[in-house]
>>> print(open('start-v5.tsv').read())   # TSV, C-alpha atoms and all ligand atoms
chain	number	residue	atom	x	y	z
Y	1	MET	CA	15.71	-31.61	-4.69
Y	2	GLN	CA	15.48	-29.26	-7.67
Y	3	ASP	CA	15.67	-31.65	-10.61
Y	4	ASP	CA	15.64	-29.09	-13.42
Y	5	PRO	CA	19.28	-28.18	-13.89
Y	6	LEU	CA	18.36	-26.07	-16.95
Y	7	LEU	CA	17.56	-23.23	-14.55
Y	8	PHE	CA	21.15	-23.18	-13.38
Y	9	ARG	CA	22.94	-23.59	-16.71
Y	10	PRO	CA	24.97	-20.54	-17.74
Y	11	ASP	CA	22.73	-19.71	-20.74
Y	12	ALA	CA	19.79	-19.29	-18.32
Y	13	TRP	CA	21.46	-16.58	-16.26
Y	14	TYR	CA	24.80	-15.33	-17.61
Y	15	ARG	CA	25.28	-12.51	-20.12
Y	16	THR	CA	28.67	-11.02	-20.95
Y	17	GLY	CA	29.05	-7.46	-19.75
Y	18	ARG	CA	26.10	-7.59	-17.32
Y	19	GLY	CA	28.21	-7.60	-14.14
Y	20	PRO	CA	30.08	-10.15	-12.03
Y	21	ARG	CA	28.98	-13.79	-12.24
Y	22	TYR	CA	27.96	-14.10	-8.60
Y	23	GLU	CA	25.75	-11.01	-8.96
Y	24	GLN	CA	24.06	-12.34	-12.11
Y	25	LEU	CA	23.55	-15.76	-10.52
Y	26	TYR	CA	22.17	-14.09	-7.40
Y	27	ARG	CA	19.68	-11.99	-9.41
Y	28	HIS	CA	18.63	-15.00	-11.47
Y	29	LEU	CA	17.95	-17.18	-8.44
Y	30	ALA	CA	16.09	-14.37	-6.68
Y	31	THR	CA	13.87	-13.94	-9.75
Y	32	CYS	CA	13.21	-17.70	-10.06
Y	33	ILE	CA	12.21	-17.80	-6.39
Y	34	SER	CA	9.91	-14.80	-6.51
Y	35	ALA	CA	8.32	-16.07	-9.76
Y	36	GLY	CA	7.65	-19.45	-8.15
Y	37	GLU	CA	9.94	-21.38	-10.51
Y	38	LEU	CA	11.84	-22.46	-7.45
Y	39	PRO	CA	8.93	-22.93	-5.04
Y	40	HIS	CA	8.95	-22.94	-1.28
Y	41	GLU	CA	10.84	-25.98	0.14
Y	42	THR	CA	12.79	-26.61	-3.09
Y	43	GLN	CA	16.22	-27.91	-2.21
Y	44	LEU	CA	19.13	-26.46	-4.17
Y	45	PRO	CA	21.78	-28.84	-5.49
Y	46	PRO	CA	24.84	-28.99	-3.19
Y	47	GLU	CA	27.42	-26.25	-3.75
Y	48	ARG	CA	29.85	-28.48	-5.67
Y	49	GLU	CA	27.14	-29.76	-8.02
Y	50	LEU	CA	25.63	-26.32	-8.55
Y	51	ALA	CA	29.09	-24.95	-9.43
Y	52	LEU	CA	29.47	-27.70	-12.04
Y	53	ILE	CA	26.04	-27.13	-13.62
Y	54	ALA	CA	26.40	-23.34	-13.59
Y	55	ASP	CA	29.98	-23.57	-14.79
Y	56	VAL	CA	31.36	-21.29	-12.12
Y	57	SER	CA	33.67	-21.64	-9.11
Y	58	ARG	CA	32.33	-22.77	-5.75
Y	59	VAL	CA	33.23	-19.33	-4.38
Y	60	THR	CA	30.84	-17.74	-6.91
Y	61	VAL	CA	28.03	-20.09	-5.88
Y	62	ARG	CA	28.75	-19.46	-2.20
Y	63	LYS	CA	28.61	-15.67	-2.64
Y	64	ALA	CA	25.29	-15.79	-4.51
Y	65	VAL	CA	23.73	-18.25	-2.08
Y	66	SER	CA	24.90	-16.44	1.04
Y	67	GLN	CA	23.38	-13.19	-0.28
Y	68	LEU	CA	20.05	-14.99	-0.78
Y	69	VAL	CA	20.32	-16.41	2.75
Y	70	ALA	CA	20.95	-12.89	4.04
Y	71	ASP	CA	17.89	-11.67	2.11
Y	72	GLY	CA	15.83	-14.33	3.87
Y	73	VAL	CA	14.75	-16.17	0.70
Y	74	LEU	CA	17.02	-19.21	1.18
Y	75	GLU	CA	17.67	-21.13	4.35
Y	76	GLN	CA	20.65	-23.38	5.12
Y	77	ARG	CA	19.73	-26.36	7.26
Y	78	ARG	CA	22.66	-28.00	8.93
Y	79	GLY	CA	23.41	-31.41	7.47
Y	80	ALA	CA	20.38	-31.20	5.14
Y	81	GLY	CA	21.15	-28.56	2.51
Y	82	THR	CA	19.85	-25.25	1.20
Y	83	PHE	CA	16.10	-24.69	0.80
Y	84	VAL	CA	13.76	-22.02	-0.52
Y	85	ARG	CA	11.99	-20.34	2.38
Y	86	PRO	CA	8.27	-19.53	2.40
Y	87	ALA	CA	7.44	-16.07	1.09
Y	88	ARG	CA	7.04	-13.42	3.77
Y	89	PRO	CA	3.46	-12.58	4.62
Y	90	LYS	CA	2.25	-9.70	2.45
Y	91	LEU	CA	0.50	-7.87	5.27
Y	92	GLU	CA	3.63	-7.14	7.27
Y	93	HIS	CA	3.43	-3.42	6.65
Y	94	SER	CA	-0.32	-3.09	6.41
Y	95	LEU	CA	-0.65	-0.36	9.03
Y	96	SER	CA	1.87	1.89	7.39
Y	97	ALA	CA	-0.38	1.86	4.32
Y	98	LEU	CA	-3.12	3.74	6.16
Y	99	LEU	CA	-2.06	7.07	4.77
Y	100	SER	CA	-3.71	10.44	4.55
Y	101	PHE	CA	-4.30	12.41	1.37
Y	102	THR	CA	-1.47	14.74	2.37
Y	103	GLU	CA	0.90	11.78	2.74
Y	104	TYR	CA	-0.15	10.12	-0.54
Y	105	MET	CA	0.57	13.31	-2.38
Y	106	ARG	CA	3.87	13.90	-0.60
Y	107	GLN	CA	4.93	10.34	-1.53
Y	108	ARG	CA	4.27	11.19	-5.15
Y	109	GLY	CA	6.26	14.39	-4.99
Y	110	LYS	CA	3.15	16.54	-5.22
Y	111	THR	CA	2.12	19.43	-3.06
Y	112	SER	CA	-1.33	19.08	-1.58
Y	113	SER	CA	-3.69	21.78	-0.50
Y	114	SER	CA	-7.34	22.02	0.44
Y	115	GLN	CA	-10.20	24.41	0.08
Y	116	ILE	CA	-12.54	24.08	3.03
Y	117	LEU	CA	-16.10	24.10	1.76
Y	118	ARG	CA	-17.83	23.71	5.09
Y	119	ARG	CA	-16.87	22.85	8.67
Y	120	GLY	CA	-19.10	22.49	11.69
Y	121	VAL	CA	-20.98	20.34	14.17
Y	122	PHE	CA	-24.15	18.75	12.81
Y	123	LEU	CA	-26.75	16.10	13.47
Y	124	PRO	CA	-25.57	12.86	11.87
Y	125	THR	CA	-27.01	11.51	8.63
Y	126	PRO	CA	-28.20	7.88	8.67
Y	127	ASP	CA	-24.93	6.83	6.91
Y	128	GLU	CA	-22.86	8.60	9.56
Y	129	GLN	CA	-24.91	7.11	12.39
Y	130	MET	CA	-24.41	3.65	11.01
Y	131	ALA	CA	-20.69	4.00	10.30
Y	132	LEU	CA	-19.84	5.71	13.58
Y	133	GLY	CA	-22.31	3.87	15.80
Y	134	LEU	CA	-24.07	7.09	16.87
Y	135	SER	CA	-27.67	7.65	17.84
Y	136	ALA	CA	-29.81	10.19	15.94
Y	137	GLY	CA	-29.55	12.78	18.73
Y	138	GLU	CA	-25.75	12.80	18.99
Y	139	ARG	CA	-23.60	15.22	17.01
Y	140	VAL	CA	-20.77	14.82	14.48
Y	141	SER	CA	-17.98	17.16	13.52
Y	142	ARG	CA	-17.93	17.43	9.77
Y	143	VAL	CA	-15.28	18.83	7.45
Y	144	GLU	CA	-16.00	19.16	3.74
Y	145	ARG	CA	-12.99	19.78	1.54
Y	146	LEU	CA	-11.95	20.13	-2.07
Y	147	ARG	CA	-8.47	18.68	-2.25
Y	148	PHE	CA	-5.77	19.65	-4.70
Y	149	ALA	CA	-2.48	18.20	-5.87
Y	150	ASP	CA	-0.16	20.73	-7.47
Y	151	ASP	CA	-3.16	23.05	-7.90
Y	152	ALA	CA	-5.33	20.46	-9.72
Y	153	PRO	CA	-8.57	19.52	-7.94
Y	154	LEU	CA	-8.46	15.75	-7.37
Y	155	ALA	CA	-10.98	14.92	-4.71
Y	156	LEU	CA	-13.98	16.04	-2.74
Y	157	GLU	CA	-14.10	14.69	0.80
Y	158	TRP	CA	-16.76	14.80	3.50
Y	159	SER	CA	-15.19	13.66	6.78
Y	160	SER	CA	-17.29	13.04	9.87
Y	161	LEU	CA	-16.05	12.26	13.34
Y	162	PRO	CA	-17.69	11.96	16.76
Y	163	THR	CA	-17.39	15.25	18.64
Y	164	ASP	CA	-15.35	13.76	21.49
Y	165	ILE	CA	-12.71	12.76	18.89
Y	166	LEU	CA	-12.79	16.05	16.98
Y	167	PRO	CA	-14.42	18.61	19.28
Y	168	ASP	CA	-13.50	21.55	17.04
Y	169	PRO	CA	-13.74	21.01	13.29
Y	170	GLN	CA	-12.14	24.44	12.79
Y	171	ALA	CA	-8.88	22.83	14.01
Y	172	VAL	CA	-8.54	21.03	10.67
Y	173	GLU	CA	-6.49	23.41	8.55
Y	174	THR	CA	-4.38	21.16	6.35
Y	175	SER	CA	-4.34	17.51	7.46
Y	176	LEU	CA	-7.13	15.85	9.41
Y	177	TYR	CA	-4.84	12.95	10.31
Y	178	ASP	CA	-2.22	15.33	11.70
Y	179	VAL	CA	-4.85	16.77	14.05
Y	180	LEU	CA	-5.91	13.25	15.09
Y	181	ARG	CA	-2.33	12.07	15.54
Y	182	ALA	CA	-1.55	15.02	17.78
Y	183	ALA	CA	-4.38	13.81	20.05
Y	184	CYS	CA	-3.37	10.13	19.65
Y	185	THR	CA	-6.73	9.39	18.06
Y	186	ALA	CA	-5.72	8.65	14.46
Y	187	PRO	CA	-7.27	5.49	13.03
Y	188	THR	CA	-5.01	2.46	12.93
Y	189	ARG	CA	-7.27	0.38	10.71
Y	190	ALA	CA	-9.76	1.25	8.01
Y	191	VAL	CA	-12.35	-0.43	5.88
Y	192	GLN	CA	-13.09	1.05	2.48
Y	193	ARG	CA	-15.94	0.58	0.10
Y	194	ILE	CA	-15.25	1.60	-3.46
Y	195	THR	CA	-17.89	2.28	-6.11
Y	196	ALA	CA	-18.03	4.09	-9.43
Y	197	VAL	CA	-20.48	6.98	-9.59
Y	198	ASN	CA	-21.42	9.77	-11.97
Y	199	LEU	CA	-20.91	13.36	-10.86
Y	200	ASN	CA	-23.78	15.73	-10.27
Y	201	ALA	CA	-23.48	19.24	-11.66
Y	202	ALA	CA	-22.25	20.92	-8.44
Y	203	ASP	CA	-19.52	18.36	-7.69
Y	204	ALA	CA	-18.44	18.29	-11.35
Y	205	ARG	CA	-17.94	22.05	-11.31
Y	206	LEU	CA	-15.65	21.80	-8.29
Y	207	LEU	CA	-13.59	18.96	-9.76
Y	208	LEU	CA	-13.40	20.68	-13.16
Y	209	LEU	CA	-15.07	17.72	-14.84
Y	210	ALA	CA	-18.16	17.42	-17.00
Y	211	GLU	CA	-21.47	16.69	-15.32
Y	212	GLY	CA	-22.04	12.92	-15.37
Y	213	ALA	CA	-18.31	12.13	-15.56
Y	214	ALA	CA	-17.41	8.86	-13.83
Y	215	VAL	CA	-15.42	9.11	-10.62
Y	216	LEU	CA	-14.66	6.75	-7.77
Y	217	ARG	CA	-16.55	7.05	-4.55
Y	218	ILE	CA	-14.67	5.68	-1.58
Y	219	ASP	CA	-16.24	5.42	1.85
Y	220	ARG	CA	-13.56	4.93	4.47
Y	221	THR	CA	-14.43	3.99	8.02
Y	222	GLY	CA	-11.41	4.34	10.30
Y	223	TYR	CA	-11.07	2.56	13.64
Y	224	LEU	CA	-9.06	3.02	16.81
Y	225	PRO	CA	-7.10	0.00	18.11
Y	226	SER	CA	-10.02	-0.59	20.53
Y	227	GLY	CA	-12.28	-1.25	17.53
Y	228	ARG	CA	-14.23	1.97	17.92
Y	229	PRO	CA	-15.10	3.63	14.59
Y	230	ILE	CA	-14.00	7.27	14.70
Y	231	GLU	CA	-13.83	8.43	11.09
Y	232	PHE	CA	-16.29	8.20	8.28
Y	233	THR	CA	-15.06	9.88	5.12
Y	234	ARG	CA	-16.93	9.81	1.88
Y	235	GLY	CA	-14.73	10.92	-0.99
Y	236	LEU	CA	-15.18	11.43	-4.71
Y	237	TYR	CA	-11.89	10.90	-6.48
Y	238	ARG	CA	-10.98	11.68	-10.06
Y	239	SER	CA	-10.22	8.32	-11.60
Y	240	ASP	CA	-6.86	9.56	-12.87
Y	241	ILE	CA	-5.63	9.24	-9.27
Y	242	TYR	CA	-6.81	5.66	-9.06
Y	243	ASP	CA	-3.22	4.39	-8.94
Y	244	PHE	CA	-2.66	5.54	-5.37
Y	245	ILE	CA	-5.86	3.92	-4.23
Y	246	ALA	CA	-4.93	0.62	-5.90
Y	247	GLU	CA	-1.63	0.63	-4.05
Y	248	LEU	CA	-3.41	1.11	-0.75
Y	249	ARG	CA	-5.74	-1.81	-1.41
Y	250	GLN	CA	-2.89	-4.15	-2.19
Y	251	ASP	CA	-1.33	-3.55	1.20
Y	252	SER	CA	-4.45	-3.37	3.30
Y	253	PRO	CA	-5.75	-6.22	5.43
A	301	LIG	C1	-7.50	10.07	2.62
A	301	LIG	C2	-8.57	9.15	3.16
A	301	LIG	C3	-9.57	9.86	4.02
A	301	LIG	C4	-8.86	10.68	5.08
A	301	LIG	C5	-7.88	11.62	4.46
A	301	LIG	C6	-7.09	12.39	5.50
A	301	LIG	C7	-8.77	7.62	1.23
A	301	LIG	C8	-9.67	6.96	0.26
A	301	LIG	N1	-9.32	8.46	2.11
A	301	LIG	O1	-7.98	10.87	1.61
A	301	LIG	O2	-10.40	8.92	4.64
A	301	LIG	O3	-9.80	11.42	5.85
A	301	LIG	O4	-6.95	10.86	3.68
A	301	LIG	O5	-6.19	13.22	4.82
A	301	LIG	O6	-7.59	7.37	1.21
A	301	LIG	P1	-5.50	14.48	5.49
A	301	LIG	O7	-4.86	14.04	6.75
A	301	LIG	O8	-4.52	14.94	4.46
A	301	LIG	O9	-6.56	15.50	5.75
>>> encode(input="start-v5.tsv", output="structure tokens", more="lines below")
Ligand code: 16G
Amino acid sequence: MQDDPLLFRPDAWYRTGRGPRYEQLYRHLATCISAGELPHETQLPPERELALIADVSRVTVRKAVSQLVADGVLEQRRGAGTFVRPARPKLEHSLSALLSFTEYMRQRGKTSSSQILRRGVFLPTPDEQMALGLSAGERVSRVERLRFADDAPLALEWSSLPTDILPDPQAVETSLYDVLRAACTAPTRAVQRITAVNLNAADARLLLLAEGAAVLRIDRTGYLPSGRPIEFTRGLYRSDIYDFIAELRQDSP
């Protein structure tokens, strides 16, 4: 049983002019739960008692509590009382976080575009062989792009895929993932390695940065549901777009 009634006293949650009491009580309890002040398995005082401590009617308590039950943060156990439920697992939406550059930019209200620097079928580098599980004699389709958001160059990306997954690199006009999705071969899982590197003169010129400027290098290996690696993209990203990468990492498995 929650034995700290201070949390429920009116001065902890009620302010004149900030909306109806049940709404303020609801918001307060939701905050206490998400902040861990009312941890998982805490039992709330019974409705009558809570109404007394909070100095509100039982109807007000009932409305706030039933909203929290509907939200899935409280659980009413018959004959036992009302308890704080365990937090939902964070990874619930992990797959939806596997976004493409085009989608990241769209989410941020920016228009993306690309300048293709080179596209073709090549012998794989040792890094590509390792990431994609290819032998030295096999071929990869490679697409090298300078990527823009609202006309500002933000990233340089070298994407390599086995030729049976992307037989024609010329097919990549705007979004690589759109091409893969159309063939049902988009990755559903990815592993990323992030490092800080300094730009060489050629890459700096393209990204409109000074030679030696620090950027993030992210190597993404994307996998099909079968576990087969089908994308290896090495990207250099201006660190002022780090925020979108951080968001991805939070949601990823
Ligand atoms: C992102 C991915 C990259 C992928 C690209 C596809 C990171 C670090 N990298 O930039 O691996 O190839 O999106 O974007 O997020 P597109 O579908 O717009 O071509």
>>> closest_residue(input="start-v5.tsv", among="Y:Leu208, Y:Leu50, Y:Ala30, Y:Ala190", to="Y:Pro5", atoms="all atoms listed in the file")
Y:Leu50
>>> atom_distance(input="start-v5.tsv", atom1="atom CA of Y:Ala80", atom2="atom CA of Y:Gln67")
19.0 Å
>>> residues_near_ligand(input="start-v5.tsv", ligand="ligand LIG 301 (chain A)", cutoff="10 Å", atoms="all atoms listed in the file", output="ChimeraX atom specification")
/Y:97-106,112-114,143,145,147,155-161,172-181,186-187,190-194,216-222,231-237,242,244-245,248-249
>>> atom_distance(input="start-v5.tsv", atom1="atom CA of Y:Val140", atom2="atom CA of Y:Ile230")
10.1 Å
>>> atom_distance(input="start-v5.tsv", atom1="atom CA of Y:Val215", atom2="atom CA of Y:Arg238")
5.2 Å
>>> residues_near_point(input="start-v5.tsv", point="(-20.7, 11.0, -13.4)", cutoff="12 Å", atoms="all atoms listed in the file", output="PyMOL selection string")
chain Y and resi 195-205+207+209-217+236-239
>>> closest_residue(input="start-v5.tsv", among="Y:Thr185, Y:Lys110, Y:Ser226, Y:Ser135", to="Y:Asp151", atoms="all atoms listed in the file")
Y:Lys110
>>> residues_around(input="start-v5.tsv", residues="Y:Thr82", least_positions_apart="6", cutoff="7 Å", atoms="only C-alpha atoms", output="VMD selection string")
chain Y and resid 43 to 44 74 to 76
>>> closest_residue(input="start-v5.tsv", among="Y:Ala87, Y:Pro162, Y:Arg142, Y:Gln170", to="Y:Ala35", atoms="only C-alpha atoms")
Y:Ala87
>>> residues_around(input="start-v5.tsv", residues="Y:Glu47", least_positions_apart="2", cutoff="12 Å", atoms="only C-alpha atoms", output="list in words")
Phe8, Gln43, Leu44, Pro45, Glu49, Leu50, Ala51, Leu52, Ile53, Ala54, Asp55, Val56, Ser57, Arg58, Val59, Thr60, Val61, Arg62, Lys63, Ala64, Val65, Ser66, Gln76, Gly81 and Thr82 of chain Y
>>> closest_residue(input="start-v5.tsv", among="Y:Pro20, Y:Gly36, Y:Pro167, Y:Pro46", to="Y:Gly120", atoms="only C-alpha atoms")
Y:Pro167
>>> closest_residue(input="start-v5.tsv", among="Y:Val84, Y:Pro10, Y:Arg21, Y:Gly72", to="Y:Leu38", atoms="only C-alpha atoms")
Y:Val84
>>> closest_residue(input="start-v5.tsv", among="Y:Leu154, Y:Leu134, Y:Leu206, Y:Leu29", to="Y:Leu117", atoms="all atoms listed in the file")
Y:Leu206
